[in-house]
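As provided, my_file11.pdb (PDB, C-alpha atoms) reads as follows.
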ATOM      1  CA  MET A 782      -1.578  61.514-105.573
ATOM      2  CA  THR A 783      -4.196  62.838-107.951
ATOM      3  CA  SER A 784      -4.142  61.354-111.430
ATOM      4  CA  GLN A 785      -2.877  63.504-114.283
ATOM      5  CA  PRO A 786      -1.221  62.241-117.461
ATOM      6  CA  ALA A 787       2.512  62.687-117.818
ATOM      7  CA  ALA A 788       3.741  65.126-120.414
ATOM      8  CA  ALA A 789       4.822  63.826-123.782
ATOM      9  CA  HIS A 790       8.310  62.327-123.734
ATOM     10  CA  ALA A 791      10.767  65.161-124.291
ATOM     11  CA  ALA A 792      13.629  64.284-126.632
ATOM     12  CA  THR A 793      14.645  67.664-128.062
ATOM     13  CA  THR A 794      15.287  71.129-126.698
ATOM     14  CA  GLU A 795      12.064  72.261-128.381
ATOM     15  CA  ASP A 796      10.151  69.519-126.546
ATOM     16  CA  PHE A 797      11.526  70.739-123.244
ATOM     17  CA  ILE A 798      10.713  74.359-124.046
ATOM     18  CA  ARG A 799       7.133  73.310-124.799
ATOM     19  CA  ASN A 800       6.736  71.164-121.668
ATOM     20  CA  LEU A 801       8.274  73.798-119.409
ATOM     21  CA  ALA A 802       5.962  76.436-120.862
ATOM     22  CA  ALA A 803       2.946  74.189-120.247
ATOM     23  CA  VAL A 804       3.907  73.611-116.609
ATOM     24  CA  ASN A 805       4.613  77.286-116.035
ATOM     25  CA  GLN A 806       1.252  78.190-117.567
ATOM     26  CA  ARG A 807      -0.501  75.791-115.183
ATOM     27  CA  ILE A 808       1.434  77.242-112.249
ATOM     28  CA  ALA A 809       0.377  80.749-113.297
ATOM     29  CA  ALA A 810      -3.250  79.654-113.648
ATOM     30  CA  ALA A 811      -3.213  77.981-110.223
ATOM     31  CA  CYS A 812      -1.681  81.107-108.689
ATOM     32  CA  ALA A 813      -4.325  83.302-110.309
ATOM     33  CA  ALA A 814      -7.096  81.044-109.035
ATOM     34  CA  ALA A 815      -5.664  81.329-105.520
ATOM     35  CA  GLY A 816      -5.220  85.106-105.728
ATOM     36  CA  ARG A 817      -1.441  84.796-105.750
ATOM     37  CA  GLU A 818       1.262  86.180-108.025
ATOM     38  CA  ALA A 819       2.746  83.656-110.472
ATOM     39  CA  GLY A 820       6.240  84.628-109.379
ATOM     40  CA  SER A 821       5.524  83.450-105.832
ATOM     41  CA  VAL A 822       5.977  79.797-106.856
ATOM     42  CA  ARG A 823       9.300  78.303-107.972
ATOM     43  CA  LEU A 824       9.394  75.312-110.282
ATOM     44  CA  LEU A 825      11.924  72.701-109.150
ATOM     45  CA  PRO A 826      12.529  70.159-111.942
ATOM     46  CA  VAL A 827      12.856  66.605-110.625
ATOM     47  CA  THR A 828      15.561  64.989-112.720
ATOM     48  CA  LYS A 829      15.938  61.539-111.136
ATOM     49  CA  THR A 830      16.598  58.720-113.653
ATOM     50  CA  ILE A 831      17.051  61.274-116.470
ATOM     51  CA  SER A 832      20.245  60.786-118.480
ATOM     52  CA  THR A 833      22.851  63.503-118.763
ATOM     53  CA  GLU A 834      22.213  63.593-122.521
ATOM     54  CA  ARG A 835      18.563  64.530-122.042
ATOM     55  CA  LEU A 836      19.415  66.858-119.171
ATOM     56  CA  ALA A 837      21.738  68.819-121.431
ATOM     57  CA  LEU A 838      18.751  69.480-123.703
ATOM     58  CA  ALA A 839      16.616  70.505-120.728
ATOM     59  CA  ILE A 840      19.348  72.855-119.514
ATOM     60  CA  ALA A 841      19.451  74.429-122.974
ATOM     61  CA  ALA A 842      15.681  74.943-122.630
ATOM     62  CA  GLY A 843      16.114  76.822-119.376
ATOM     63  CA  VAL A 844      16.313  74.264-116.553
ATOM     64  CA  ASP A 845      18.758  75.644-113.968
ATOM     65  CA  THR A 846      18.186  73.386-110.949
ATOM     66  CA  LEU A 847      18.368  69.602-110.783
ATOM     67  CA  GLY A 848      16.209  67.950-108.142
ATOM     68  CA  GLU A 849      17.469  64.482-107.245
ATOM     69  CA  ASN A 850      16.342  61.791-104.810
ATOM     70  CA  LYS A 851      19.569  59.794-104.692
ATOM     71  CA  VAL A 852      22.787  61.466-103.634
ATOM     72  CA  GLN A 853      25.091  59.317-105.737
ATOM     73  CA  GLU A 854      23.097  59.981-108.892
ATOM     74  CA  ALA A 855      23.051  63.704-108.127
ATOM     75  CA  HIS A 856      26.797  63.769-107.443
ATOM     76  CA  GLY A 857      27.477  62.028-110.743
ATOM     77  CA  LYS A 858      25.487  64.649-112.611
ATOM     78  CA  TYR A 859      27.271  67.414-110.718
ATOM     79  CA  GLU A 860      30.634  65.992-111.766
ATOM     80  CA  HIS A 861      29.428  65.677-115.360
ATOM     81  CA  PHE A 862      28.051  69.233-115.656
ATOM     82  CA  ARG A 863      30.224  71.257-113.283
ATOM     83  CA  GLU A 864      32.603  72.610-115.940
ATOM     84  CA  ASP A 865      30.137  73.300-118.748
ATOM     85  CA  PHE A 866      27.269  74.535-116.564
ATOM     86  CA  PRO A 867      28.737  75.997-113.363
ATOM     87  CA  HIS A 868      25.530  77.992-112.764
ATOM     88  CA  LEU A 869      23.456  74.864-112.097
ATOM     89  CA  ARG A 870      21.950  74.390-108.658
ATOM     90  CA  TYR A 871      21.423  70.979-107.081
ATOM     91  CA  ALA A 872      18.587  70.068-104.741
ATOM     92  CA  ILE A 873      18.491  66.792-102.816
ATOM     93  CA  ILE A 874      14.820  66.029-102.278
ATOM     94  CA  GLY A 875      14.955  62.455-100.965
ATOM     95  CA  PRO A 876      15.872  60.934 -97.592
ATOM     96  CA  LEU A 877      19.545  61.093 -96.678
ATOM     97  CA  GLN A 878      21.634  58.670 -94.640
ATOM     98  CA  THR A 879      24.267  60.318 -92.454
ATOM     99  CA  ASN A 880      27.068  58.468 -94.243
ATOM    100  CA  LYS A 881      26.102  60.267 -97.479
ATOM    101  CA  ALA A 882      26.168  63.727 -95.890
ATOM    102  CA  LYS A 883      29.768  64.278 -96.990
ATOM    103  CA  PHE A 884      28.698  64.194-100.645
ATOM    104  CA  VAL A 885      25.791  66.582-100.121
ATOM    105  CA  ALA A 886      28.148  69.007 -98.396
ATOM    106  CA  GLN A 887      30.413  69.033-101.455
ATOM    107  CA  PHE A 888      27.929  70.178-104.081
ATOM    108  CA  ALA A 889      24.263  70.539-103.048
ATOM    109  CA  ASP A 890      22.599  73.924-102.681
ATOM    110  CA  GLU A 891      19.301  72.740-101.192
ATOM    111  CA  PHE A 892      18.221  69.794 -99.039
ATOM    112  CA  HIS A 893      14.477  69.224 -98.820
ATOM    113  CA  ALA A 894      14.329  66.258 -96.427
ATOM    114  CA  LEU A 895      15.890  67.214 -93.095
ATOM    115  CA  ASP A 896      14.252  65.043 -90.427
ATOM    116  CA  SER A 897      16.633  64.769 -87.462
ATOM    117  CA  LEU A 898      19.102  66.718 -85.370
ATOM    118  CA  LYS A 899      21.688  63.973 -85.841
ATOM    119  CA  LEU A 900      21.592  64.454 -89.607
ATOM    120  CA  ALA A 901      21.719  68.236 -89.204
ATOM    121  CA  GLU A 902      24.808  68.020 -86.998
ATOM    122  CA  THR A 903      26.504  65.667 -89.462
ATOM    123  CA  LEU A 904      25.794  68.061 -92.318
ATOM    124  CA  GLN A 905      27.127  70.957 -90.223
ATOM    125  CA  ARG A 906      30.458  69.175 -89.645
ATOM    126  CA  ARG A 907      30.811  68.236 -93.307
ATOM    127  CA  LEU A 908      29.915  71.736 -94.487
ATOM    128  CA  GLU A 909      32.557  73.199 -92.174
ATOM    129  CA  VAL A 910      35.151  70.982 -93.872
ATOM    130  CA  GLU A 911      33.980  72.101 -97.318
ATOM    131  CA  ASP A 912      33.517  75.743 -96.233
ATOM    132  CA  ARG A 913      30.003  75.772 -97.702
ATOM    133  CA  THR A 914      26.449  76.471 -96.570
ATOM    134  CA  LEU A 915      23.230  74.610 -97.347
ATOM    135  CA  GLU A 916      19.595  75.681 -97.509
ATOM    136  CA  VAL A 917      17.423  73.150 -95.683
ATOM    137  CA  PHE A 918      13.724  72.320 -95.543
ATOM    138  CA  ILE A 919      12.415  70.348 -92.577
ATOM    139  CA  GLN A 920      10.379  67.410 -93.873
ATOM    140  CA  VAL A 921       7.041  66.864 -92.119
ATOM    141  CA  ASN A 922       4.968  63.729 -92.601
ATOM    142  CA  THR A 923       1.497  65.206 -93.028
ATOM    143  CA  SER A 924      -0.140  62.080 -94.459
ATOM    144  CA  GLY A 925       0.622  59.702 -91.598
ATOM    145  CA  GLU A 926       1.807  57.070 -94.100
ATOM    146  CA  GLU A 927       4.638  54.918 -92.736
ATOM    147  CA  SER A 928       6.165  54.727 -96.211
ATOM    148  CA  LYS A 929       6.934  58.443 -96.117
ATOM    149  CA  SER A 930       9.812  60.106 -94.292
ATOM    150  CA  GLY A 931       9.519  63.167 -92.109
ATOM    151  CA  ILE A 932       8.811  64.172 -88.549
ATOM    152  CA  LEU A 933       5.472  64.890 -86.917
ATOM    153  CA  ALA A 934       4.218  68.453 -87.158
ATOM    154  CA  SER A 935       4.389  68.642 -83.356
ATOM    155  CA  GLU A 936       8.147  67.965 -83.520
ATOM    156  CA  ALA A 937       8.961  70.677 -86.057
ATOM    157  CA  ALA A 938       9.370  73.528 -83.584
ATOM    158  CA  GLY A 939      11.884  71.573 -81.525
ATOM    159  CA  LEU A 940      13.960  70.591 -84.541
ATOM    160  CA  LEU A 941      13.914  74.118 -85.921
ATOM    161  CA  ALA A 942      15.075  75.554 -82.599
ATOM    162  CA  SER A 943      17.904  73.021 -82.417
ATOM    163  CA  LEU A 944      19.255  74.261 -85.765
ATOM    164  CA  ALA A 945      20.020  77.733 -84.399
ATOM    165  CA  PRO A 946      23.679  76.979 -83.441
ATOM    166  CA  LEU A 947      24.371  75.234 -86.777
ATOM    167  CA  ASP A 948      25.557  78.195 -88.801
ATOM    168  CA  ARG A 949      26.266  76.246 -91.980
ATOM    169  CA  LEU A 950      22.599  75.314 -92.312
ATOM    170  CA  THR A 951      20.075  77.908 -93.477
ATOM    171  CA  PRO A 952      16.529  76.814 -92.603
ATOM    172  CA  VAL A 953      14.211  78.159 -95.309
ATOM    173  CA  GLY A 954      10.950  76.271 -94.780
ATOM    174  CA  LEU A 955       9.064  72.993 -94.641
ATOM    175  CA  MET A 956       8.585  70.125 -97.085
ATOM    176  CA  THR A 957       5.977  67.380 -97.373
ATOM    177  CA  MET A 958       4.633  64.694 -99.674
ATOM    178  CA  ALA A 959       0.866  64.300 -99.766
ATOM    179  CA  ALA A 960      -0.951  61.000 -99.322
ATOM    180  CA  ASN A 961      -0.805  58.565-102.221
ATOM    181  CA  THR A 962      -4.476  58.844-103.093
ATOM    182  CA  ASN A 963      -6.838  60.255-105.706
ATOM    183  CA  ASP A 964      -8.893  61.898-102.935
ATOM    184  CA  GLU A 965      -8.218  65.568-103.675
ATOM    185  CA  GLN A 966      -9.732  66.681-100.393
ATOM    186  CA  GLN A 967      -7.296  64.513 -98.448
ATOM    187  CA  VAL A 968      -4.337  65.660-100.539
ATOM    188  CA  ARG A 969      -5.263  69.307-100.117
ATOM    189  CA  GLY A 970      -5.705  68.706 -96.390
ATOM    190  CA  ASN A 971      -2.117  67.446 -96.174
ATOM    191  CA  PHE A 972      -0.889  70.626 -97.850
ATOM    192  CA  ALA A 973      -3.052  72.826 -95.648
ATOM    193  CA  SER A 974      -1.602  71.103 -92.593
ATOM    194  CA  LEU A 975       1.941  71.998 -93.663
ATOM    195  CA  ARG A 976       0.965  75.616 -94.272
ATOM    196  CA  GLN A 977      -0.599  75.826 -90.823
ATOM    197  CA  THR A 978       2.556  74.358 -89.284
ATOM    198  CA  LEU A 979       4.682  76.965 -91.056
ATOM    199  CA  GLU A 980       2.415  79.769 -89.841
ATOM    200  CA  GLN A 981       2.800  78.538 -86.263
ATOM    201  CA  LEU A 982       6.577  78.257 -86.541
ATOM    202  CA  GLN A 983       7.049  81.687 -88.072
ATOM    203  CA  GLN A 984       6.355  83.346 -84.728
ATOM    204  CA  ASN A 985       9.802  82.237 -83.549
ATOM    205  CA  ALA A 986      11.494  81.289 -86.818
ATOM    206  CA  PRO A 987      14.659  82.852 -88.255
ATOM    207  CA  GLN A 988      14.345  85.393 -91.032
ATOM    208  CA  GLY A 989      13.718  83.769 -94.395
ATOM    209  CA  PHE A 990      11.937  80.733 -92.970
ATOM    210  CA  GLU A 991       8.958  81.161 -95.275
ATOM    211  CA  HIS A 992       8.895  78.441 -97.941
ATOM    212  CA  LEU A 993       6.660  75.433 -98.508
ATOM    213  CA  SER A 994       8.130  72.713-100.741
ATOM    214  CA  MET A 995       5.055  70.674-101.624
ATOM    215  CA  GLY A 996       3.277  69.402-104.702
ATOM    216  CA  MET A 997       4.486  67.127-107.500
ATOM    217  CA  SER A 998       3.410  66.481-111.095
ATOM    218  CA  GLY A 999       0.075  64.997-110.054
ATOM    219  CA  ASP A1000      -0.970  67.486-107.394
ATOM    220  CA  TYR A1001       1.008  70.722-107.560
ATOM    221  CA  GLU A1002      -2.026  72.838-108.412
ATOM    222  CA  LEU A1003      -3.680  71.728-105.164
ATOM    223  CA  ALA A1004      -0.429  72.559-103.353
ATOM    224  CA  ILE A1005      -0.353  76.041-104.865
ATOM    225  CA  ALA A1006      -3.921  76.617-103.671
ATOM    226  CA  GLU A1007      -2.662  75.924-100.144
ATOM    227  CA  GLY A1008       0.408  78.134-100.320
ATOM    228  CA  ALA A1009       3.238  76.149-101.937
ATOM    229  CA  THR A1010       6.241  78.271-102.871
ATOM    230  CA  VAL A1011       8.255  75.389-104.411
ATOM    231  CA  VAL A1012       6.671  72.653-106.533
ATOM    232  CA  ARG A1013       8.678  69.566-107.487
ATOM    233  CA  VAL A1014       7.774  68.472-111.020
ATOM    234  CA  GLY A1015       9.386  65.671-113.003
ATOM    235  CA  GLN A1016       7.024  63.836-115.342
ATOM    236  CA  GLY A1017       5.280  67.068-116.279
ATOM    237  CA  ILE A1018       8.588  68.191-117.812
ATOM    238  CA  PHE A1019      10.350  65.013-118.903
ATOM    239  CA  GLY A1020       7.451  62.656-119.565
ATOM    240  CA  ALA A1021       6.892  59.263-117.983
ATOM    241  CA  ARG A1022      10.034  57.787-116.449
ATOM    242  CA  ASN A1023      11.670  54.562-117.470
ATOM    243  CA  TYR A1024      12.898  52.850-114.310
ATOM    244  CA  ALA A1025      14.458  49.912-116.160
TER     245      ALA A1025
END
Could you render the structure as structure tokens?
Amino acid sequence: MTSQPAAAHAATTEDFIRNLAAVNQRIAAACAAAGREAGSVRLLPVTKTISTERLALAIAAGVDTLGENKVQEAHGKYEHFREDFPHLRYAIIGPLQTNKAKFVAQFADEFHALDSLKLAETLQRRLEVEDRTLEVFIQVNTSGEESKSGILASEAAGLLASLAPLDRLTPVGLMTMAANTNDEQQVRGNFASLRQTLEQLQQNAPQGFEHLSMGMSGDYELAIAEGATVVRVGQGIFGARNYA
């Protein structure tokens, strides 16, 4: 990941308004530099470890989607906010064990880390029970790092094709995490690889399979240069996290 300082710690609605504006300005600038429209990139706030008290301030500042790595944490926030903020969307962006699929089926709108047919079939069954649908991104490991989840790019076409009978899942694109490095050329290469994979898949992909979820607080401008349509930003909005 390229090194960029976290935003100032946001503790008021005004702080969040300021941080969100700064991120959106950088997104717009990156889009302009790449010859793209600013509206072609969606900001997905990453809200892991952020308390419900601070999230309420962020929601007042305009945050409308919560991006969470851990299902249980996300479900707790859903239960907390569901009555007061029924418009909120929830995106699960971290790896998912099949035994947690039942919770995702109950409340999540997006899942950014689909990496197996077994998980897809489990989600399908759970979504049928809940009478819901779920937008899914296939996660591709473009960095080759064993610490990162995702399938090989060469496996993406097979997994996408296998989703066709699963009518509760709506495949919308691909997701990746770039290499954990300050080498911008390598990071950008990871993003370019995902874009190329998407372009190859689109020849036989279902309608709407057009999104690239890639880029985080430290590298989202590089991701936008390579075609990202969703950037996942946490520290750029909330400030440095406290994992205590």
Legend entry - Residue IDs satisfying the PyMOL selection byres ((chain A and resi 988) around 12), as an MDAnalysis selection string: chainID A and resid 945 951:954 982:987 989:992
Legend entry - Residues returned when the PyMOL selection byres ((chain A and resi 870-873) around 6) runs on this file, as JSON, numbers by chain: {"A": [846, 847, 848, 849, 850, 869, 874, 875, 889, 890, 891, 892]}
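Against this structure, the PyMOL selection byres ((chain A and resi 807) around 12) ends up with Asn800, Leu801, Ala802, Ala803, Val804, Asn805, Gln806, Ile808, Ala809, Ala810, Ala811, Cys812, Ala813, Ala814, Ala819, Val822, Leu824, Ser998, Gly999, Asp1000, Tyr1001, Glu1002, Leu1003, Ile1005, Val1012, Val1014 and Gly1017 of chain A.
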Legend entry - Within 12 Å of Asp865 of chain A using all atoms listed in the file, minus same-chain residues under 6 positions, as JSON, numbers by chain: {"A": [837, 840, 841, 858, 859]}
Using only C-alpha atoms, what table do you get, as JSON lines, when you list each residue of segment 842-909 of chain A with an atom no more than 12 Å from segment 957-960 of chain A, its nearest pair of atoms, and their distance in Å rounded to one decimal, rows by chain then rising number?
{"residue": "A:Ile874", "atom": "CA", "partner": "A:Thr957", "partner_atom": "CA", "distance": 10.2}
{"residue": "A:Gly875", "atom": "CA", "partner": "A:Met958", "partner_atom": "CA", "distance": 10.6}
{"residue": "A:Pro876", "atom": "CA", "partner": "A:Thr957", "partner_atom": "CA", "distance": 11.8}
{"residue": "A:His893", "atom": "CA", "partner": "A:Thr957", "partner_atom": "CA", "distance": 8.8}
{"residue": "A:Ala894", "atom": "CA", "partner": "A:Thr957", "partner_atom": "CA", "distance": 8.5}
{"residue": "A:Leu895", "atom": "CA", "partner": "A:Thr957", "partner_atom": "CA", "distance": 10.8}
{"residue": "A:Asp896", "atom": "CA", "partner": "A:Thr957", "partner_atom": "CA", "distance": 11.1}
Inset, instruction - Write out as a list of chain:residue names each polymer residue whose atoms come within 10 Å of His868 of chain A, counting only C-alpha atoms; drop sequence neighbours fewer than 4 positions from it. - result: A:Asp845, A:Thr846, A:Phe862, A:Arg863, A:Glu864
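Surrounding residues of (23.7, 79.3, -93.8) at most 7 Å away are Thr914, Leu915, Glu916, Asp948, Arg949, Leu950 and Thr951 of chain A (based on only C-alpha atoms).
Residue nearest Ala942 of chain A, chosen from A:Ser897, A:Thr923, A:Gln887, A:Thr794 and counting all atoms listed in the file: A:Ser897.
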Legend entry - Straight-line distance linking atom CA of Lys929 of chain A with atom CA of Ala789 of chain A, stated in Å to one decimal: 28.3 Å
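For the set A:Leu941, A:Glu1007, A:Val827, A:Ala934, the residue with the smallest atom-to-atom gap to Arg1022 of chain A is A:Val827, counting only C-alpha atoms.
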Legend entry - Atom pair atom CA of Val852 of chain A / atom CA of Val917 of chain A: separation (Å): 15.1 Å
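Between atom CA of Ile831 of chain A and atom CA of Lys881 of chain A the separation is 21.1 Å.
Taking only C-alpha atoms into account, Thr828 of chain A lies nearest to A:Gln1016 out of the set A:Ser928, A:Thr1010, A:Gln1016, A:Gln966.
Using all atoms listed in the file, the smallest distance between any of A:Glu834, A:Leu898, A:Arg906, A:Phe866 and Glu936 of chain A comes from A:Leu898.
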Need to verify the contact set: Lys899 of chain A, 9 Å, only C-alpha atoms, exclusion of same-chain residues closer than 4 positions in sequence. Can you return it as a PDB file with C-alpha atoms, in the coordinates of the input?
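Done, and the output landed in part33.pdb:
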ATOM      1  CA  THR A 879      24.267  60.318 -92.454  1.00  0.00           C
ATOM      2  CA  THR A 903      26.504  65.667 -89.462  1.00  0.00           C
ATOM      3  CA  LEU A 904      25.794  68.061 -92.318  1.00  0.00           C
TER       4      LEU A 904
END
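Counting all atoms listed in the file, the residue from A:Ser930, A:Gln920, A:Thr962, A:Ser935 that sits nearest to Met995 of chain A is A:Gln920.
Counting all atoms listed in the file, the residue from A:Gln853, A:Asn971, A:Ser821, A:Thr978 that sits nearest to Ile919 of chain A is A:Thr978.
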Give, as lines of an AutoDock Vina configuration file, the centre coordinates and the x, y and z edge lengths in Å to one decimal for an axis-aligned box around all listed atoms of segment 947-952 of chain A, padded by 4 Å on each side.
center_x = 21.4
center_y = 76.7
center_z = -90.1
size_x = 17.7
size_y = 11.0
size_z = 14.7
